[in-house]
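**Q** The structure is given below, and queries will be raised subsequently.
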Amino acid sequence: MKVIAKIKIDKLKFPNNDKPVLKNINLEINQGDFIVITGGVASGKSALLHVITGAIPHYHNAELTGTVTILGQDIKEMPLNRMSDYMGYMMQEPDNQIISLNVCENVAFGLENQELPYEQIDQVVKNTLEFVGLRGYENRQTSSLSGGQAQRVVLAGVLALKVPILILDQPTAELDPQGRHEIYKRLGELNKTQNLTIVLVMDRIEEVLNYANRVLMLKGGEIIKEYSPGEYYQVQIKDRKEMFRDSMHYNLDRKKPRETIAKISDVSYQYNNQLPGCEDINLEVYKGDFLSVVGLNGSGKSTLAKLLIGLLKPAKGEIRLFDQIIHKKNLGMIRARVGFLFQNPDHQIFASTLEEEVGFSLKLRGERNDFLNQKVDECLQFVGLADYKEMHPQRLSRGQRQLLALASILAGDPEFIIADEPTSGLDENQGYVIMEKLYDLSNNGKTILLITHDLAMAKDYSNRLVALYKHRIRLDIETKDIERHREELKAIGLDFPNTVTFKEGYDDTGTSEV
Amino acid sequence: MKEKLFRTDTKALVGAVIIGIVFVIMEQITGRIDGILDPTLLLLNGTCWAFFTGLIVLMYKQPAGIIAGLVEAIVAMATAYSPLAFFFLFANTIGSIVYSLIAVKLSMTKLSHHLVAMLGCNVIGNLCVTIGLIYVIHLDWKIAFLSSALTALVGTIVAGSLTKSVYGSLQKSALL
Amino acid sequence: MTLALPKFDPRTKLVWYILMIYFALLSQTAAQLGITLLVCITSSLILSGSFKHSKAMVIILLLLGLQILIIQLLFCREGTLIYQWGIIKIYSDSLPLAITGILKATLIFYASLQFFTSASAQDFTLMLVKFEIPYRFAMLVGLAVRFLPLMKEEYQSIIDSQRTRGLKMDSVWDDLKAIIPTFLPFLYRAVRRSTEIALAMELRGYGRSKNRTFSSDIALKSYDVVIIVAMFLVISLSITTRLLPLI
């Protein structure tokens with residue numbers, strides 16, 4: 001097999017940081033490889049990708065000792081905007097990679113920069129869009145695309161350049177199962193039929209392993225082990241089983257008399273632009289529940305959560321929290337008893353130290369300083385960030401920032417925690433860290449309402465499942481009965497892998513079909 | 001000198017547009033508050049203007065400062081946000097250039113440096129708007145100067161210390 | 001409206017805009033200003049077939065007009081004194097001054113609105129490229145149009161996020177106090193976002209050579225040329241008539 005890239009890194013250091021981000025890397029990438037990179041928090045995965053793309057040292061300020069060659073070219077010698085001859089790069093958030101107002105322009109962006117004549121560009125754009133399954137989308141406005149479609153437009157923009165290597169950083173972390181499936185399917189095809197080399201930082205273990213041929217495990221900036229996808233899957237399953245062994249999470253015994261925390265009766269909501277949000281929702285949340293609300297993107301989950309916390313006002317029906325109807329006067333009091341963890345922690349982090357961030361809501365309430373400090377320490381301890389107390393929050397990794405957001409919510413001692421896609425944008429390991437924390441909280445008597453499109457996670461952690469489809473509640477079941485309802489869930493685009501063996505889990509059941 | 005004044009890499013250009021959009025949105029927010037608190041003085045709006053004009057230059061130098069200023073002025077015009085938006089075209093570009101020219105001479109590590117740069121930027125920027133007010137709306141020049149002087153004074157002090165702390169915080173965040 | 005009107009080149013529109021601004025700044029009488037404004041509004045009506053711009057600005061202009069009027073009434077000291085009550089004196093020139101002021105502001109405002117909403121982002125980009133502005137700068141127009149609505153939405157999410165943490169936003173004072181905790185996350189997010197966008201653009205070859213292909217082109221048609229020449233003639237004529245008496 002032809003070696004397409006050689007990466008030899010002795011050390012990579014960022015300024016003002018003594019610890020190297022990467023060290024002793026010696027990696028050869030063969031043509032046609034489909035490499036999956038995995039590793040825990042701060043293991044250096046993204047840094048490795050940035051080195052391969054040339055973003056380090058050309059774009060990000062860092063000190064690199066070593067050489068990276070792609071197709072015999074030392075990338076240190078090459079300006080970043082010439083890298084598109086060698087590789088294409090796709091990141092997590094499709095929004096930030098879509099530069100133009102319509103789909104066609106966006107796919108053509110790279111080709112136009114190469115000064116190709118327009119007739120030629122037109123043909124390539126058409127073919128590429130067809131390949132990613134978006135035929136006829138040329139003139140669509142990019143703002144009207146769903147997350148999965150948007151990411152496929154980005155993919156098309158990269159593929160149009162006919163690059164030999166494709167680098168992807170958690171390309172499906174923000175997508176629902178349907179969108180994720182669409183992307184991986186195309187990647188697998190490209191790898192097989194066109195011998196395209198793919199290097200990908202993994203977000204979810206499940207599907208991508210079916211297409212990969214090598215799995216690299218990073219830890220502390222080093223490649224500590226290389227697995228075959230099969231081996232890696234086995235290890236993961238074993239770990240996961242161990243994690244769940246002691247508890248079998250969903251069998252939480254909650255037979256005590258059930259006190260109602262929230263009650264939604266006949267609630268409907270419609271957005272200003274006439275889009276429906278929720279329709280005829282009836283739902284009761286009981287004290288101690290770990291309730292998961294599942295559904296695809298756009299099914300109305302987030303609307304439901306926003307209604308619950310009074311960010312939206314129901315057009316019809318009534319919402320009671322702690323036995324009080326929400327209105328302007330008691331909203332402050334109710335919110336003090338509820339914690340809301342948003343999808344994107346960056347929407348709330350504003351302080352210049354972790355401490356200040358966690359203490360914010362307590363300060364708003366006018367708590368005393370000694371109590372505030374003690375509470376802040378406690379919460380940071382709980383999420384495992386106590387060591388970084390004085391650090392600037394923006395220096396944390398995305399996963400750590402989500403934990404910080406959780407800590408700042410916990411500081412207010414909420415009885416009821418609503419988490420809206422808290423693992424979106426995180427890789428699987430980091431996602432589980434967040435979920436474990438929520439689980440601990442549930443064990444400590446907090447009521448949790450989890451909004452997610454990840455049925456596997458919902459199944460592993462919650463005791464109750466509510467499935468939304470097209471803005472209505474389709475299913476309200478105990479999680480232990482999930483197998484009996486599998487067909488119904490599949491029918492609304494939700495499925496979970498059988499955690500039996502690699503391949504079997506997919507080949508038999510398939511994933512959610514598009 | 002040249003490197004301290006100019007930056008034309010893609011990061012700076014895109015940054016100018018994106019921070020320019022933040023500028024637009026924050027001007028709208030502060031404008032709404034001003035509309036209720038001090039509809040004729042627009043102290044908050046003026047401070048917000050000065051703050052962004054300075055911050056963008058510190059973050060991305062020129063021509064980013066001018067680009068962000070143009071984004072703000074043009075969006076204000078195209079969205080019918082303010083009837084005075086036309087004058088922002090000049091206030092924004094000239095104000096930004098003045099800030100750059102002063103900032104390049106100073107180390108910008110002390111509060112006084114930030115205040116001096118802000119003073120220049122505020123005086124020139126508000127002067128542009130004042131000329132517009134006098135010449136176009138036929139405001140009495142004494143009134144126009146008085147209100148501009150007040151806006152410039154508040155802008156210099158508040159925006160000067162704000163740019164220092166926010167820019168410091170951005171540097172600490174390692175995002176730049 | 002499906003009338004087959006000519007599609008003007010953005011450069012023609014730009015010269016029209018310059019012409020309007022020129023008149024707005026130089027006209028002294030209410031009649032001149034009124035006529036120019038009328039022409040400007042009519043042109044808009046013919047070209048777009050609707051009053052959509054006019055509607056958006058009526059309220060804003062009413063507020064501005066009221067402000068100008070009050071200020072003129074209170075502070076104008078020209079003409080003869082027509083009313084006095086305590087220290088409040090109203091002079092005869094205040095009303096005409098207020099009217100020309102309002103007309104001038106309206107004309108500038110309307111012409112700007114008309115110009116900046118008259119063409120697509122792509123057309124403006126192409127216009128800038130025709131003016132020899134490097135495409136790396138010219139293409140920022142499209143970027144701004146693409147990200148403005150996205151970021152507006154994001155700012156709302158940030159406000160929601162902070163409200164659930166107990167930040168009050170019920171009164172103006174609350175809003176004032178909420179600026180910092182909502183603005184800072186917005187700024188950090190924006191910086192992260194711009195870093196990613198710029199990287200994505202560079203890695204797709206942005207700026208690799210001096211020129212690039214565009215999917216469309218703009219060209220001056222003969223009627224564009226005629227109109228532009230005519231408008232320049234009007235401007236130069238007007239300048240000459242103004243300068244001649246001075247010589």
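By convention here, the chains of the structure tokens are called A, B, ... in the order presented, each chain's residues are numbered starting at 1, and ligands are numbered starting at 1 in the order presented.
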Within 7 Å of chain C, which residues of chain B are there when counting only C-alpha atoms? Please give them as a PyMOL selection string.
**A** chain B and resi 10-11+14-15+17-19+21+33+77-78+80+83+136-140+175
**Q** Which chain C residues are at most 6 Å from chain A (counting only C-alpha atoms), as a PyMOL selection string?
**A** chain C and resi 146+158+161-162+165+181+184-185+197+200+202-206+208+212-213
**Q** Give me, as number ranges by chain, the contact residues of chain B against chain A at a cut-off of 10 Å, counting only C-alpha atoms.
**A** B: 9-11, 166, 168-176
**Q** Could you write out that same residue set with N, CA and C atoms as a PDB file, in the first residue's frame?
**A**
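Heads up, here's the output in again01.pdb:
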ATOM      1  N   ASP B   9      -4.679  39.131   7.052  1.00  0.00           N
ATOM      2  CA  ASP B   9      -4.916  37.689   6.934  1.00  0.00           C
ATOM      3  C   ASP B   9      -6.416  37.402   7.028  1.00  0.00           C
ATOM      4  N   THR B  10      -6.789  36.234   6.543  1.00  0.00           N
ATOM      5  CA  THR B  10      -8.210  35.885   6.498  1.00  0.00           C
ATOM      6  C   THR B  10      -8.849  35.929   7.889  1.00  0.00           C
ATOM      7  N   LYS B  11      -8.087  35.508   8.904  1.00  0.00           N
ATOM      8  CA  LYS B  11      -8.642  35.497  10.259  1.00  0.00           C
ATOM      9  C   LYS B  11      -9.087  36.902  10.666  1.00  0.00           C
ATOM     10  N   VAL B 166     -12.073  44.053  28.734  1.00  0.00           N
ATOM     11  CA  VAL B 166     -12.550  42.993  27.833  1.00  0.00           C
ATOM     12  C   VAL B 166     -11.419  42.472  26.949  1.00  0.00           C
ATOM     13  N   GLY B 168      -8.293  42.471  27.714  1.00  0.00           N
ATOM     14  CA  GLY B 168      -7.447  41.678  28.609  1.00  0.00           C
ATOM     15  C   GLY B 168      -8.018  40.293  28.792  1.00  0.00           C
ATOM     16  N   SER B 169      -9.319  40.245  28.975  1.00  0.00           N
ATOM     17  CA  SER B 169      -9.997  38.970  29.180  1.00  0.00           C
ATOM     18  C   SER B 169      -9.895  38.092  27.926  1.00  0.00           C
ATOM     19  N   LEU B 170     -10.012  38.707  26.778  1.00  0.00           N
ATOM     20  CA  LEU B 170      -9.880  37.953  25.522  1.00  0.00           C
ATOM     21  C   LEU B 170      -8.470  37.387  25.374  1.00  0.00           C
ATOM     22  N   GLN B 171      -7.490  38.186  25.765  1.00  0.00           N
ATOM     23  CA  GLN B 171      -6.115  37.697  25.675  1.00  0.00           C
ATOM     24  C   GLN B 171      -5.905  36.513  26.601  1.00  0.00           C
ATOM     25  N   LYS B 172      -6.481  36.626  27.807  1.00  0.00           N
ATOM     26  CA  LYS B 172      -6.331  35.526  28.769  1.00  0.00           C
ATOM     27  C   LYS B 172      -7.039  34.265  28.277  1.00  0.00           C
ATOM     28  N   SER B 173      -8.095  34.446  27.496  1.00  0.00           N
ATOM     29  CA  SER B 173      -8.878  33.296  27.058  1.00  0.00           C
ATOM     30  C   SER B 173      -8.165  32.483  25.982  1.00  0.00           C
ATOM     31  N   ALA B 174      -7.114  33.045  25.417  1.00  0.00           N
ATOM     32  CA  ALA B 174      -6.339  32.368  24.361  1.00  0.00           C
ATOM     33  C   ALA B 174      -7.171  32.093  23.115  1.00  0.00           C
ATOM     34  N   LEU B 175      -8.243  32.826  22.947  1.00  0.00           N
ATOM     35  CA  LEU B 175      -9.080  32.600  21.756  1.00  0.00           C
ATOM     36  C   LEU B 175      -8.569  33.363  20.552  1.00  0.00           C
ATOM     37  N   LEU B 176      -7.826  34.425  20.812  1.00  0.00           N
ATOM     38  CA  LEU B 176      -7.425  35.276  19.686  1.00  0.00           C
ATOM     39  C   LEU B 176      -6.297  34.649  18.875  1.00  0.00           C
TER      40      LEU B 176
END
**Q** Nearest to Leu5 in chain B among B:Gly95, B:Gly132, B:Gly120, B:Pro63, with distances taken over only C-alpha atoms: which residue is it?
**A** B:Pro63
**Q** Report as JSON, numbers by chain all protein, DNA and RNA residues lying within 12 Å of Tyr286 in chain A, evaluated on only C-alpha atoms, omitting residues in the same chain fewer than 2 positions from it.
**A** {"A": [254, 255, 256, 257, 258, 259, 260, 261, 262, 263, 264, 283, 284, 288, 289, 290, 291, 321, 322, 323, 415, 416, 445, 446, 447, 448, 449, 463, 464]}
**Q** In terms of the shortest atom-to-atom distance over only C-alpha atoms, which of B:Leu111, B:Leu13, B:Leu43, B:Tyr81 is closest to Gly65 in chain B?
**A**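 So, comparing all the options, the nearest one is B:Leu13.
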**Q** Between A:Arg486, A:Lys470, A:Lys6, A:Lys45, single out the one closest to Val21 in chain A, counting only C-alpha atoms.
**A**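 That would be A:Lys45, the residue with the smallest distance to Val21 in chain A.
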**Q** DSSP on the backbone: what in range 92-223 of chain C comes out alpha helix (DSSP H), as a PyMOL selection string?
**A** chain C and resi 94-116+121-130+135-138+140-164+172-202+222-223
**Q** Excluding Ile90 in chain C and residues on its chain fewer than 2 positions from it, collect all residues at most 10 Å away from it, counting only C-alpha atoms, and give them as an MDAnalysis selection string.
**A** chainID C and resid 72:85 87:88 92:95
**Q** Can you pull out every residue from range 19-217 of chain C that DSSP, working from the backbone, puts in strand (DSSP E), and format the result as a list in words?
**A**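 Across range 19-217 of chain C, those assigned strand (DSSP E) are Leu81, Ile82, Tyr83, Gln84, Trp85, Ile88, Lys89, Ile90 and Tyr91 of chain C.
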**Q** Write the residues of the selection above to a file with N, CA, C and O atoms, as a CSV table (one decimal), in the first residue's frame.
**A**
chain,number,residue,atom,x,y,z
C,81,LEU,N,-39.1,86.8,17.5
C,81,LEU,CA,-39.7,86.1,18.6
C,81,LEU,C,-41.2,86.1,18.4
C,81,LEU,O,-41.9,87.1,18.3
C,82,ILE,N,-41.8,84.9,18.5
C,82,ILE,CA,-43.3,84.9,18.3
C,82,ILE,C,-44.0,84.4,19.5
C,82,ILE,O,-45.2,84.6,19.7
C,83,TYR,N,-43.3,83.8,20.5
C,83,TYR,CA,-44.0,83.3,21.7
C,83,TYR,C,-43.0,83.2,22.8
C,83,TYR,O,-41.9,82.8,22.6
C,84,GLN,N,-43.4,83.6,24.0
C,84,GLN,CA,-42.6,83.5,25.1
C,84,GLN,C,-43.3,83.1,26.3
C,84,GLN,O,-44.4,83.6,26.6
C,85,TRP,N,-42.8,82.0,27.0
C,85,TRP,CA,-43.4,81.6,28.3
C,85,TRP,C,-42.3,81.2,29.2
C,85,TRP,O,-41.7,80.2,29.1
C,88,ILE,N,-38.9,79.8,28.0
C,88,ILE,CA,-39.1,79.2,26.7
C,88,ILE,C,-39.5,80.3,25.7
C,88,ILE,O,-40.5,81.0,25.9
C,89,LYS,N,-38.6,80.3,24.7
C,89,LYS,CA,-38.9,81.3,23.6
C,89,LYS,C,-39.0,80.6,22.3
C,89,LYS,O,-38.1,79.8,22.0
C,90,ILE,N,-40.0,80.9,21.5
C,90,ILE,CA,-40.1,80.3,20.2
C,90,ILE,C,-40.0,81.4,19.1
C,90,ILE,O,-40.6,82.4,19.2
C,91,TYR,N,-39.0,81.1,18.2
C,91,TYR,CA,-38.7,82.1,17.1
C,91,TYR,C,-39.4,81.7,15.8
C,91,TYR,O,-39.6,80.5,15.6
**Q** Could you check how far CA of Asp10 in chain A sits from CA of Thr38 in chain A, in Å to one decimal?
**A**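 Taking CA of Asp10 in chain A as the start and CA of Thr38 in chain A as the end point, the length is 20.0 Å.
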**Q** Can you pull out every residue within 9 Å of Thr8 in chain B, counting only C-alpha atoms, but drop anything in the same chain fewer than 6 positions away, and send it as an mmCIF file with N, CA and C atoms, in the first residue's frame?
**A**
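In the end it all went to result-v1.cif:
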data_model
loop_
_atom_site.group_PDB
_atom_site.id
_atom_site.type_symbol
_atom_site.label_atom_id
_atom_site.label_comp_id
_atom_site.auth_asym_id
_atom_site.auth_seq_id
_atom_site.Cartn_x
_atom_site.Cartn_y
_atom_site.Cartn_z
ATOM 1 N N TYR B 60 -7.990 43.007 15.811
ATOM 2 C CA TYR B 60 -7.603 42.656 14.433
ATOM 3 C C TYR B 60 -6.930 43.789 13.652
ATOM 4 N N LYS B 61 -6.633 44.902 14.290
ATOM 5 C CA LYS B 61 -5.966 46.041 13.624
ATOM 6 C C LYS B 61 -6.761 46.574 12.411
ATOM 7 N N GLN B 62 -6.028 47.146 11.462
ATOM 8 C CA GLN B 62 -6.688 47.677 10.259
ATOM 9 C C GLN B 62 -6.378 46.770 9.070
ATOM 10 N N PRO B 63 -7.199 46.655 8.091
ATOM 11 C CA PRO B 63 -8.440 47.400 7.875
ATOM 12 C C PRO B 63 -9.665 46.829 8.603
ATOM 13 N N ALA B 64 -9.417 45.872 9.522
ATOM 14 C CA ALA B 64 -10.553 45.261 10.205
ATOM 15 C C ALA B 64 -11.447 46.302 10.883
#
**Q** Could you pull the residues within 12 Å of range 230-245 of chain C, counting only C-alpha atoms, minus those fewer than 6 positions along the same chain, as a JSON list (two decimals) with N, CA, C and O atoms, in the first residue's frame?
**A**
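New file part_7.json:
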[["chain", "number", "residue", "atom", "x", "y", "z"],
["C", 12, "THR", "N", -24.85, 51.64, -11.56],
["C", 12, "THR", "CA", -25.83, 52.67, -11.90],
["C", 12, "THR", "C", -26.55, 53.13, -10.63],
["C", 12, "THR", "O", -26.78, 54.31, -10.39],
["C", 13, "LYS", "N", -26.88, 52.12, -9.82],
["C", 13, "LYS", "CA", -27.59, 52.44, -8.56],
["C", 13, "LYS", "C", -26.71, 53.28, -7.65],
["C", 13, "LYS", "O", -27.18, 54.16, -6.94],
["C", 14, "LEU", "N", -25.41, 52.96, -7.67],
["C", 14, "LEU", "CA", -24.50, 53.71, -6.81],
["C", 14, "LEU", "C", -24.46, 55.19, -7.24],
["C", 14, "LEU", "O", -24.52, 56.09, -6.39],
["C", 15, "VAL", "N", -24.40, 55.43, -8.55],
["C", 15, "VAL", "CA", -24.35, 56.81, -9.02],
["C", 15, "VAL", "C", -25.66, 57.53, -8.67],
["C", 15, "VAL", "O", -25.66, 58.68, -8.24],
["C", 16, "TRP", "N", -26.75, 56.81, -8.79],
["C", 16, "TRP", "CA", -28.05, 57.36, -8.40],
["C", 16, "TRP", "C", -28.03, 57.76, -6.92],
["C", 16, "TRP", "O", -28.48, 58.85, -6.54],
["C", 17, "TYR", "N", -27.47, 56.89, -6.12],
["C", 17, "TYR", "CA", -27.37, 57.15, -4.68],
["C", 17, "TYR", "C", -26.54, 58.41, -4.44],
["C", 17, "TYR", "O", -26.93, 59.30, -3.67],
["C", 18, "ILE", "N", -25.40, 58.50, -5.14],
["C", 18, "ILE", "CA", -24.53, 59.67, -4.97],
["C", 18, "ILE", "C", -25.30, 60.94, -5.36],
["C", 18, "ILE", "O", -25.26, 61.96, -4.65],
["C", 19, "LEU", "N", -26.06, 60.83, -6.44],
["C", 19, "LEU", "CA", -26.84, 61.97, -6.90],
["C", 19, "LEU", "C", -27.84, 62.44, -5.83],
["C", 19, "LEU", "O", -27.97, 63.62, -5.54],
["C", 20, "MET", "N", -28.51, 61.47, -5.25],
["C", 20, "MET", "CA", -29.51, 61.79, -4.23],
["C", 20, "MET", "C", -28.85, 62.45, -3.01],
["C", 20, "MET", "O", -29.35, 63.43, -2.47],
["C", 21, "ILE", "N", -27.72, 61.88, -2.60],
["C", 21, "ILE", "CA", -27.02, 62.44, -1.44],
["C", 21, "ILE", "C", -26.56, 63.86, -1.76],
["C", 21, "ILE", "O", -26.67, 64.78, -0.95],
["C", 22, "TYR", "N", -26.05, 64.03, -2.98],
["C", 22, "TYR", "CA", -25.58, 65.35, -3.41],
["C", 22, "TYR", "C", -26.71, 66.37, -3.29],
["C", 22, "TYR", "O", -26.54, 67.44, -2.71],
["C", 23, "PHE", "N", -27.88, 66.01, -3.80],
["C", 23, "PHE", "CA", -29.02, 66.93, -3.72],
["C", 23, "PHE", "C", -29.43, 67.17, -2.28],
["C", 23, "PHE", "O", -29.74, 68.30, -1.88],
["C", 26, "LEU", "N", -27.02, 69.61, -0.75],
["C", 26, "LEU", "CA", -26.92, 70.97, -1.29],
["C", 26, "LEU", "C", -28.23, 71.74, -1.37],
["C", 26, "LEU", "O", -28.23, 72.95, -1.40],
["C", 27, "SER", "N", -29.35, 71.03, -1.45],
["C", 27, "SER", "CA", -30.61, 71.75, -1.55],
["C", 27, "SER", "C", -30.87, 72.56, -0.29],
["C", 27, "SER", "O", -30.60, 72.09, 0.82],
["C", 223, "TYR", "N", -28.16, 51.16, -21.64],
["C", 223, "TYR", "CA", -29.01, 52.10, -20.88],
["C", 223, "TYR", "C", -28.36, 52.51, -19.56],
["C", 223, "TYR", "O", -28.54, 53.61, -19.08],
["C", 224, "ASP", "N", -27.56, 51.59, -18.97],
["C", 224, "ASP", "CA", -26.83, 51.96, -17.75],
["C", 224, "ASP", "C", -25.89, 53.11, -18.05],
["C", 224, "ASP", "O", -25.84, 54.10, -17.31]]
**Q** Could you check which of A:Glu242, A:Asp203, A:Glu487, A:Glu378 is closest to Asp427 in chain A, using only C-alpha atoms?
**A**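 Closest residue, counting only C-alpha atoms: A:Asp203.
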**Q** Just give me the gap between CA of Asn210 in chain A and CA of Phe34 in chain A in Å, one decimal is fine.
**A**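 Between these atoms lies a distance of 10.3 Å.
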